[in-house]
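Q: Take a look at data.txt, compact mmCIF, C-alpha atoms:
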# COMPACT_ATOMS: atom_id res chain seq x y z
CA MET A 1 1.73 -7.42 24.70
CA LYS A 2 4.61 -5.71 22.95
CA LEU A 3 4.56 -5.18 19.19
CA LEU A 4 7.04 -3.97 16.62
CA LEU A 5 5.34 -2.44 13.57
CA VAL A 6 7.52 -2.39 10.44
CA ALA A 7 7.37 -0.04 7.45
CA GLY A 8 9.89 0.59 4.71
CA ALA A 9 8.19 2.76 2.07
CA ARG A 10 5.46 5.39 2.02
CA PRO A 11 2.64 2.99 1.09
CA ASN A 12 3.61 0.88 4.12
CA PHE A 13 2.99 3.80 6.44
CA MET A 14 -0.46 4.30 4.94
CA LYS A 15 -1.21 0.71 5.94
CA ILE A 16 0.40 1.05 9.36
CA ALA A 17 -1.44 4.28 10.26
CA PRO A 18 -4.91 2.66 10.73
CA ILE A 19 -3.33 -0.06 12.88
CA ILE A 20 -1.75 2.56 15.11
CA ARG A 21 -5.09 4.35 15.46
CA ALA A 22 -6.75 1.06 16.39
CA LEU A 23 -3.98 0.25 18.87
CA ARG A 24 -4.37 3.66 20.51
CA ALA A 25 -8.10 3.11 20.88
CA LYS A 26 -7.61 -0.40 22.29
CA SER A 27 -4.89 0.78 24.66
CA LYS A 28 -7.18 3.50 26.00
CA GLU A 29 -9.93 0.93 26.45
CA LEU A 30 -7.60 -1.40 28.33
CA SER A 31 -6.34 1.46 30.50
CA GLU A 32 -9.90 2.31 31.47
CA ILE A 33 -10.54 -1.33 32.32
CA CYS A 34 -7.37 -1.40 34.42
CA ILE A 35 -8.44 1.72 36.31
CA SER A 36 -11.79 0.17 37.13
CA PHE A 37 -10.15 -3.14 38.08
CA ASN A 38 -7.61 -1.47 40.37
CA SER A 39 -10.28 -1.07 43.01
CA MET A 40 -10.58 -4.87 43.08
CA PRO A 41 -7.93 -7.01 44.81
CA SER A 42 -5.70 -9.03 42.46
CA ALA A 43 -7.63 -7.89 39.38
CA PRO A 44 -6.04 -8.65 35.96
CA CYS A 45 -4.63 -5.73 33.99
CA SER A 46 -3.47 -6.11 30.38
CA LYS A 47 -0.71 -3.84 29.05
CA LEU A 48 -0.42 -3.05 25.35
CA SER A 49 2.60 -1.31 23.84
CA TRP A 50 4.09 -0.90 20.40
CA LYS A 51 6.98 0.75 18.61
CA LEU A 52 7.29 1.77 14.97
CA VAL A 53 10.34 0.74 12.94
CA HIS A 54 11.17 2.59 9.72
CA THR A 55 13.75 0.59 7.79
CA GLY A 56 14.59 3.49 5.49
CA GLN A 57 14.11 1.38 2.36
CA HIS A 58 12.26 4.11 0.46
CA TYR A 59 14.36 6.46 -1.70
CA ASP A 60 12.97 9.38 0.33
CA TYR A 61 13.56 7.75 3.66
CA GLU A 62 14.28 10.98 5.54
CA MET A 63 10.61 11.82 5.66
CA SER A 64 9.59 15.15 7.12
CA GLN A 65 7.50 15.49 10.23
CA ALA A 66 4.74 16.83 7.96
CA PHE A 67 4.36 13.36 6.42
CA PHE A 68 3.77 11.74 9.77
CA ASP A 69 1.52 14.60 10.86
CA ASP A 70 -0.52 14.00 7.71
CA LEU A 71 -1.05 10.36 8.73
CA GLU A 72 -1.48 11.30 12.41
CA ILE A 73 1.30 9.03 13.60
CA ASN A 74 4.43 9.81 15.59
CA ARG A 75 7.85 9.71 14.03
CA PRO A 76 9.27 6.17 14.06
CA ASP A 77 10.91 4.93 17.24
CA TYR A 78 13.64 3.36 15.13
CA PHE A 79 15.03 4.60 11.84
CA LEU A 80 17.35 1.99 10.33
CA GLY A 81 18.46 4.11 7.35
CA VAL A 82 19.32 1.19 5.07
CA GLY A 83 18.91 3.23 1.88
CA SER A 84 18.83 1.92 -1.67
CA GLY A 85 20.78 -0.94 -3.21
CA SER A 86 20.24 -4.20 -5.02
CA HIS A 87 17.54 -6.47 -3.65
CA ALA A 88 20.15 -8.66 -1.96
CA VAL A 89 22.12 -5.77 -0.47
CA GLN A 90 19.05 -3.94 0.75
CA THR A 91 17.45 -7.05 2.25
CA ALA A 92 20.69 -8.00 4.01
CA ARG A 93 21.12 -4.51 5.50
CA ILE A 94 17.55 -4.54 6.80
CA MET A 95 18.01 -7.96 8.39
CA ILE A 96 21.22 -6.97 10.19
CA ALA A 97 19.78 -3.72 11.52
CA PHE A 98 16.39 -5.15 12.46
CA GLU A 99 17.93 -8.06 14.34
CA GLU A 100 19.56 -5.57 16.72
CA VAL A 101 16.17 -3.92 17.33
CA CYS A 102 14.57 -7.27 18.10
CA TYR A 103 17.31 -8.19 20.58
CA LYS A 104 16.87 -4.84 22.30
CA GLU A 105 13.07 -4.75 22.39
CA ARG A 106 12.21 -8.45 22.78
CA PRO A 107 8.75 -8.05 21.21
CA ASP A 108 5.96 -10.60 21.40
CA MET A 109 5.12 -10.03 17.77
CA VAL A 110 6.37 -8.31 14.63
CA VAL A 111 3.71 -6.87 12.32
CA VAL A 112 4.69 -6.43 8.65
CA VAL A 113 2.58 -5.01 5.84
CA GLY A 114 2.56 -5.19 2.06
CA ASP A 115 5.23 -6.75 -0.11
CA VAL A 116 8.44 -4.70 -0.11
CA ASN A 117 11.91 -5.95 0.81
CA SER A 118 11.44 -4.71 4.38
CA THR A 119 8.41 -6.96 4.72
CA VAL A 120 10.21 -10.20 3.94
CA ALA A 121 13.49 -9.24 5.62
CA CYS A 122 11.91 -8.41 8.98
CA ALA A 123 9.62 -11.44 8.85
CA LEU A 124 12.64 -13.70 8.35
CA VAL A 125 14.58 -12.14 11.23
CA ALA A 126 11.61 -12.40 13.59
CA LYS A 127 10.88 -16.01 12.68
CA LYS A 128 14.46 -17.11 13.29
CA LEU A 129 14.37 -15.41 16.71
CA GLY A 130 11.17 -17.22 17.66
CA ILE A 131 9.06 -14.05 17.53
CA GLY A 132 5.51 -14.24 16.18
CA VAL A 133 4.97 -12.73 12.73
CA ALA A 134 1.73 -11.14 11.51
CA HIS A 135 1.38 -10.22 7.83
CA VAL A 136 -1.20 -7.64 6.83
CA GLU A 137 -2.27 -7.95 3.17
CA ALA A 138 -1.46 -11.63 3.03
CA GLY A 139 -2.36 -14.08 0.27
CA LEU A 140 -2.26 -11.75 -2.73
CA ARG A 141 -0.76 -13.44 -5.79
CA SER A 142 -0.01 -12.30 -9.33
CA ARG A 143 1.53 -15.67 -10.39
CA ASP A 144 4.34 -13.61 -11.94
CA LEU A 145 7.72 -14.54 -10.44
CA THR A 146 9.47 -11.85 -12.46
CA MET A 147 7.95 -9.39 -9.97
CA PRO A 148 10.16 -9.03 -6.85
CA GLU A 149 7.01 -8.21 -4.87
CA GLU A 150 5.52 -11.61 -5.70
CA ILE A 151 8.52 -13.39 -4.24
CA ASN A 152 8.33 -11.18 -1.14
CA ARG A 153 4.64 -11.99 -0.71
CA MET A 154 5.13 -15.73 -1.01
CA VAL A 155 8.07 -15.93 1.38
CA THR A 156 6.50 -13.61 3.95
CA ASP A 157 3.31 -15.67 4.01
CA LEU A 158 5.29 -18.87 4.41
CA LEU A 159 6.96 -17.41 7.52
CA SER A 160 3.92 -15.74 9.09
CA ASP A 161 1.92 -17.06 12.02
CA TRP A 162 -1.07 -14.76 11.49
CA LEU A 163 -2.22 -13.93 7.96
CA PHE A 164 -4.60 -11.01 7.52
CA VAL A 165 -6.36 -11.19 4.16
CA SER A 166 -7.92 -8.29 2.23
CA GLU A 167 -9.90 -10.28 -0.35
CA LYS A 168 -11.19 -13.84 -0.56
CA SER A 169 -8.76 -14.87 -3.30
CA GLY A 170 -6.09 -14.57 -0.63
CA ILE A 171 -7.78 -17.23 1.50
CA GLU A 172 -7.81 -19.69 -1.42
CA ASN A 173 -4.17 -18.94 -2.28
CA LEU A 174 -2.97 -19.49 1.28
CA LYS A 175 -4.87 -22.74 1.70
CA LYS A 176 -3.40 -24.09 -1.55
CA GLU A 177 0.04 -23.24 -0.18
CA GLY A 178 -0.61 -25.32 2.95
CA LYS A 179 -1.50 -22.65 5.51
CA SER A 180 -3.96 -23.77 8.18
CA ASP A 181 -7.44 -22.30 8.53
CA SER A 182 -6.60 -21.20 12.06
CA SER A 183 -3.82 -18.89 10.81
CA ILE A 184 -5.91 -17.09 8.14
CA PHE A 185 -8.19 -14.16 8.92
CA PHE A 186 -10.37 -12.35 6.39
CA VAL A 187 -10.39 -8.81 7.80
CA GLY A 188 -10.89 -6.52 4.80
CA ASN A 189 -8.58 -4.02 3.17
CA ILE A 190 -6.37 -1.85 5.38
CA MET A 191 -5.77 0.69 2.58
CA ILE A 192 -9.50 1.33 2.42
CA ASP A 193 -9.34 2.25 6.12
CA THR A 194 -6.83 4.96 5.19
CA LEU A 195 -8.87 6.02 2.17
CA TYR A 196 -12.15 6.50 4.05
CA TYR A 197 -10.46 8.13 7.02
CA ASN A 198 -8.74 10.73 4.85
CA LEU A 199 -11.76 11.42 2.67
CA ASN A 200 -13.26 12.96 5.78
CA ARG A 201 -10.19 15.14 6.30
CA LEU A 202 -9.97 16.87 2.94
CA ASN A 203 -10.90 20.32 4.17
CA ASP A 204 -7.22 21.08 4.65
CA SER A 205 -6.28 24.10 2.52
CA THR A 206 -2.88 22.56 1.76
CA THR A 207 -4.39 19.88 -0.48
CA HIS A 208 -4.30 20.12 -4.26
CA GLY A 209 -6.97 22.38 -5.68
CA PRO A 210 -9.91 21.01 -7.64
CA ILE A 211 -9.83 20.78 -11.43
CA ASP A 212 -12.76 21.93 -13.53
CA GLY A 213 -14.30 19.46 -15.97
CA ASP A 214 -13.43 15.87 -16.79
CA TYR A 215 -9.85 14.67 -16.49
CA ALA A 216 -7.70 11.58 -16.04
CA VAL A 217 -4.94 10.84 -13.54
CA LEU A 218 -1.85 8.75 -14.31
CA THR A 219 0.76 7.06 -12.11
CA LEU A 220 3.62 5.05 -13.57
CA HIS A 221 6.62 3.69 -11.71
CA ARG A 222 7.23 -0.03 -12.31
CA PRO A 223 10.73 -0.72 -13.65
CA SER A 224 9.33 -2.94 -16.41
CA ASN A 225 7.30 0.02 -17.67
CA VAL A 226 9.71 2.91 -17.19
CA ASP A 227 13.24 1.49 -17.55
CA PRO A 228 13.14 0.24 -21.19
CA GLU A 229 13.26 3.35 -23.39
CA ASN A 230 11.02 1.97 -26.12
CA LYS A 231 8.40 0.78 -23.63
CA LEU A 232 8.25 4.11 -21.81
CA LYS A 233 7.97 5.98 -25.12
CA GLU A 234 5.20 3.65 -26.29
CA ILE A 235 3.16 4.03 -23.10
CA MET A 236 3.61 7.80 -22.93
CA GLY A 237 2.73 8.09 -26.62
CA ALA A 238 -0.63 6.48 -25.85
CA ILE A 239 -1.09 8.77 -22.86
CA PHE A 240 -0.42 11.77 -25.08
CA GLU A 241 -3.18 10.64 -27.45
CA ILE A 242 -5.58 10.21 -24.53
CA GLY A 243 -4.65 13.71 -23.40
CA SER A 244 -6.01 15.18 -26.65
CA ASP A 245 -9.48 13.94 -25.59
CA LEU A 246 -9.16 14.07 -21.82
CA PRO A 247 -6.56 16.14 -19.92
CA VAL A 248 -4.17 13.90 -18.00
CA TYR A 249 -2.60 14.90 -14.67
CA PHE A 250 0.55 12.94 -13.92
CA PRO A 251 2.33 13.17 -10.53
CA VAL A 252 5.69 11.82 -11.68
CA HIS A 253 7.57 9.34 -9.53
CA PRO A 254 11.27 10.37 -9.23
CA ARG A 255 12.41 7.17 -10.92
CA THR A 256 10.07 7.82 -13.84
CA ARG A 257 11.03 11.49 -14.14
CA GLU A 258 14.68 10.55 -14.30
CA ARG A 259 14.01 8.14 -17.14
CA MET A 260 11.82 10.66 -18.96
CA GLU A 261 14.52 13.31 -18.70
CA VAL A 262 17.16 10.95 -20.08
CA ILE A 263 15.11 10.18 -23.21
CA GLY A 264 13.74 13.70 -23.71
CA LEU A 265 10.11 13.09 -22.76
CA VAL A 266 9.89 15.79 -20.08
CA ASN A 267 10.37 18.58 -22.61
CA LYS A 268 7.91 16.96 -25.01
CA PHE A 269 5.12 16.99 -22.43
CA ASP A 270 5.87 20.38 -20.96
CA GLY A 271 2.74 22.51 -21.37
CA GLY A 272 0.84 19.85 -23.34
CA PRO A 273 -2.34 17.92 -22.58
CA VAL A 274 -0.41 15.72 -20.16
CA HIS A 275 0.32 17.85 -17.10
CA LEU A 276 3.46 16.73 -15.28
CA LEU A 277 3.22 17.29 -11.53
CA PRO A 278 5.69 16.69 -8.69
CA PRO A 279 5.03 13.73 -6.39
CA LEU A 280 2.09 14.61 -4.12
CA PRO A 281 1.47 13.89 -0.44
CA TYR A 282 -1.24 11.31 0.13
CA LYS A 283 -4.05 13.73 0.95
CA SER A 284 -3.16 15.99 -1.97
CA PHE A 285 -3.10 13.03 -4.34
CA LEU A 286 -6.40 11.75 -2.97
CA LYS A 287 -8.03 15.10 -3.58
CA LEU A 288 -6.69 15.05 -7.14
CA TYR A 289 -7.84 11.57 -8.17
CA LYS A 290 -11.07 11.17 -6.20
CA ASP A 291 -12.96 13.28 -8.76
CA ALA A 292 -11.17 11.94 -11.84
CA SER A 293 -13.15 10.42 -14.70
CA LEU A 294 -10.43 7.83 -15.25
CA VAL A 295 -7.29 6.63 -13.49
CA LEU A 296 -4.42 4.93 -15.33
CA THR A 297 -1.81 3.22 -13.17
CA ASP A 298 0.65 0.39 -12.70
CA SER A 299 0.27 0.60 -8.92
CA GLY A 300 -1.33 -2.04 -6.72
CA GLY A 301 -3.03 0.19 -4.18
CA LEU A 302 -4.74 2.44 -6.71
CA GLN A 303 -6.53 -0.55 -8.21
CA GLU A 304 -8.18 -1.00 -4.81
CA GLU A 305 -8.87 2.64 -4.03
CA THR A 306 -10.49 3.32 -7.39
CA THR A 307 -12.70 0.27 -6.90
CA ALA A 308 -13.77 1.61 -3.49
CA LEU A 309 -14.58 5.01 -5.05
CA GLY A 310 -16.22 3.64 -8.20
CA ILE A 311 -13.69 5.27 -10.55
CA PRO A 312 -12.81 3.45 -13.80
CA CYS A 313 -9.20 2.26 -13.59
CA PHE A 314 -6.89 1.09 -16.38
CA THR A 315 -4.07 -0.99 -14.93
CA ILE A 316 -1.02 -0.87 -17.20
CA ARG A 317 0.15 -4.38 -16.44
CA GLU A 318 -0.33 -7.90 -17.78
CA ASN A 319 -1.50 -9.28 -14.43
CA THR A 320 -2.71 -8.26 -11.01
CA GLU A 321 -2.44 -9.71 -7.52
CA ARG A 322 -5.75 -8.03 -6.68
CA PRO A 323 -8.29 -9.94 -8.82
CA VAL A 324 -11.29 -8.74 -6.82
CA THR A 325 -10.80 -5.28 -8.35
CA ILE A 326 -11.46 -6.84 -11.76
CA GLU A 327 -14.09 -9.41 -10.80
CA GLU A 328 -16.14 -7.07 -8.61
CA GLY A 329 -14.63 -3.62 -9.03
CA THR A 330 -13.91 -0.99 -11.67
CA ASN A 331 -10.46 -2.19 -12.71
CA THR A 332 -9.46 -3.29 -16.22
CA LEU A 333 -6.13 -4.82 -17.19
CA VAL A 334 -5.10 -3.03 -20.38
CA GLY A 335 -1.65 -4.55 -20.86
CA VAL A 336 1.56 -2.64 -21.43
CA THR A 337 1.24 -1.74 -25.10
CA GLY A 338 0.10 1.55 -26.56
CA GLY A 339 -2.48 -0.30 -28.62
CA GLY A 340 -3.98 -2.00 -25.59
CA ILE A 341 -4.24 1.26 -23.67
CA LEU A 342 -5.85 3.13 -26.57
CA SER A 343 -8.25 0.27 -27.34
CA ALA A 344 -9.52 0.37 -23.76
CA PHE A 345 -9.83 4.15 -23.95
CA GLU A 346 -11.96 3.92 -27.10
CA LYS A 347 -14.41 1.73 -25.18
CA PHE A 348 -14.29 4.17 -22.28
CA LYS A 349 -15.24 7.05 -24.61
CA LYS A 350 -18.23 5.06 -25.81
CA GLY A 351 -19.44 4.72 -22.24
CA GLU A 352 -18.49 1.05 -21.95
CA ASN A 353 -17.30 1.46 -18.36
CA LYS A 354 -17.31 -1.18 -15.66
CA ARG A 355 -19.91 -0.61 -12.97
CA GLY A 356 -18.31 -2.22 -10.00
CA ARG A 357 -19.27 -2.68 -6.39
CA ILE A 358 -17.33 -2.39 -3.15
CA PRO A 359 -15.94 -5.80 -2.11
CA GLU A 360 -16.88 -7.47 1.15
CA LEU A 361 -15.42 -5.96 4.35
CA TRP A 362 -13.94 -2.96 2.56
CA ASP A 363 -15.68 -0.81 5.15
CA GLY A 364 -12.87 1.09 6.86
CA LYS A 365 -12.73 -1.24 9.88
CA ALA A 366 -10.00 -3.70 8.89
CA ALA A 367 -7.52 -2.35 11.46
CA GLU A 368 -10.01 -2.77 14.29
CA ARG A 369 -10.48 -6.42 13.33
CA ILE A 370 -6.72 -6.98 13.08
CA VAL A 371 -5.99 -5.55 16.51
CA SER A 372 -8.82 -7.50 18.14
CA ILE A 373 -7.56 -10.76 16.65
CA LEU A 374 -3.94 -10.06 17.64
CA LEU A 375 -4.97 -9.43 21.24
CA ARG A 376 -6.93 -12.69 21.38
CA LYS A 377 -4.17 -14.73 19.76
CA ILE A 378 -1.24 -13.54 21.82
CA ASP A 379 -2.84 -13.44 25.28
Could I get this structure in the form of structure tokens?
A:
Amino acid sequence: MKLLLVAGARPNFMKIAPIIRALRAKSKELSEICISFNSMPSAPCSKLSWKLVHTGQHYDYEMSQAFFDDLEINRPDYFLGVGSGSHAVQTARIMIAFEEVCYKERPDMVVVVGDVNSTVACALVAKKLGIGVAHVEAGLRSRDLTMPEEINRMVTDLLSDWLFVSEKSGIENLKKEGKSDSSIFFVGNIMIDTLYYNLNRLNDSTTHGPIDGDYAVLTLHRPSNVDPENKLKEIMGAIFEIGSDLPVYFPVHPRTRERMEVIGLVNKFDGGPVHLLPPLPYKSFLKLYKDASLVLTDSGGLQEETTALGIPCFTIRENTERPVTIEEGTNTLVGVTGGGILSAFEKFKKGENKRGRIPELWDGKAAERIVSILLRKID
């Protein structure tokens, strides 16, 4: 079996890394079986191979070797270098470049993860070439078609032959959209695999140092939150007020920093209760937020990770494609207004925090389940 694994942005690689570890383990197991079978005439011997394709969609697509070392994966076998651009331009560039890879490699299956442009572009190319498509993190829905990621999720799932679901809402969504039971697999959350694996590797001296006392961590990057000047000022004004009660550490996404510089917010927060930090590597960021009293974010993945760690999370959005983090976890939708954020924080100060639980199959073994199913389905 020959696989192409596709990633386009840093979060994609965090989802690909556990799959690669599981593939390595399975390949070793198959090799040992082959060795034992070789003493038997005409014994079967299964061969498993894979290659990693980096589309280069992420703004920082020339990742250093240190990034891949951190995730314990080799540098990609293919780097397409598509760069930034409008959604149409970027998707088209990915499709053209990835088609050439598919013609050259002739894979049995293409594995895509998440919901970025690379995900949908490579799924479409593979499907038109008659190559099987597996989507990891399938079935998530926000019901908000103003989000490009929602469109990517819906189209990718429509094209996929194997749909690997992280929470049970995904099963219901896919069935309503006409997908067959035989194509849907509830395997758990691949990002939790990465989370648990790296929690055990935080002895590295290069990670961010611990912070004394209670503190909050903020991430903010969605265009709808950071591009409109008034909206960004409103959100950061609320964060500044929170900082007077609880220090806030804010690794600033480059897009957000650029917007903050343009409207003069960087100077305002310099040296204040909101500590602006550079973007952090995954392990460094994990060490920072794992002991936080509160996380505020507009990210998807952090909603899941905070639920797994039992950390209260305020999601600065009107909706979420990860409802299990609200229904069972520690996540609260606080909206995108300063008033909504501060109202939630007042409840937090009074101790009115959600006491969540870890959702089913969020046990760090999702990748093992995925690889086992892929091997059964393609043989």
Q: Is it possible to get the axis-aligned box enclosing stretch 149-165 of chain A (all listed atoms, 5 Å extra per side) as lines of an AutoDock Vina configuration file, with centre and edge lengths in Å rounded to one decimal?
A:
center_x = 1.1
center_y = -13.5
center_z = 3.2
size_x = 24.9
size_y = 20.7
size_z = 27.7
Q: Within 8 Å of stretch 234-250 of chain A, which residues of stretch 335-378 of chain A come that close, and what is the closest atom pair and distance in Å for each? Count all atoms listed in the file and give it as a Markdown table.
A:
| residue | atom | partner | partner_atom | distance |
| --- | --- | --- | --- | --- |
| A:Val336 | CA | A:Ile235 | CA | 7.1 |
| A:Thr337 | CA | A:Ile235 | CA | 6.4 |
| A:Gly338 | CA | A:Ala238 | CA | 5.0 |
| A:Gly339 | CA | A:Ala238 | CA | 7.6 |
| A:Ile341 | CA | A:Ala238 | CA | 6.7 |
| A:Leu342 | CA | A:Ala238 | CA | 6.2 |
| A:Phe345 | CA | A:Ile242 | CA | 7.4 |
Q: From the set A:Val187, A:Val252, A:Ile316, A:Leu220, which residue has the shortest atom-to-atom contact distance to A:Leu276, counting all atoms listed in the file?
A: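 Under the stated criterion, the closest residue is A:Val252.
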Q: Can you work out which one of A:Ile190, A:Ala134, A:Ala17, A:Leu158 has the shortest atom-to-atom distance to A:Arg369, counting all atoms listed in the file?
A: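 Nearest to A:Arg369: A:Ile190.
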Q: Atom CA of A:Leu48 to atom CA of A:Leu30: how many Å, to one decimal?
A: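 Distance between the two atoms: 7.9 Å.
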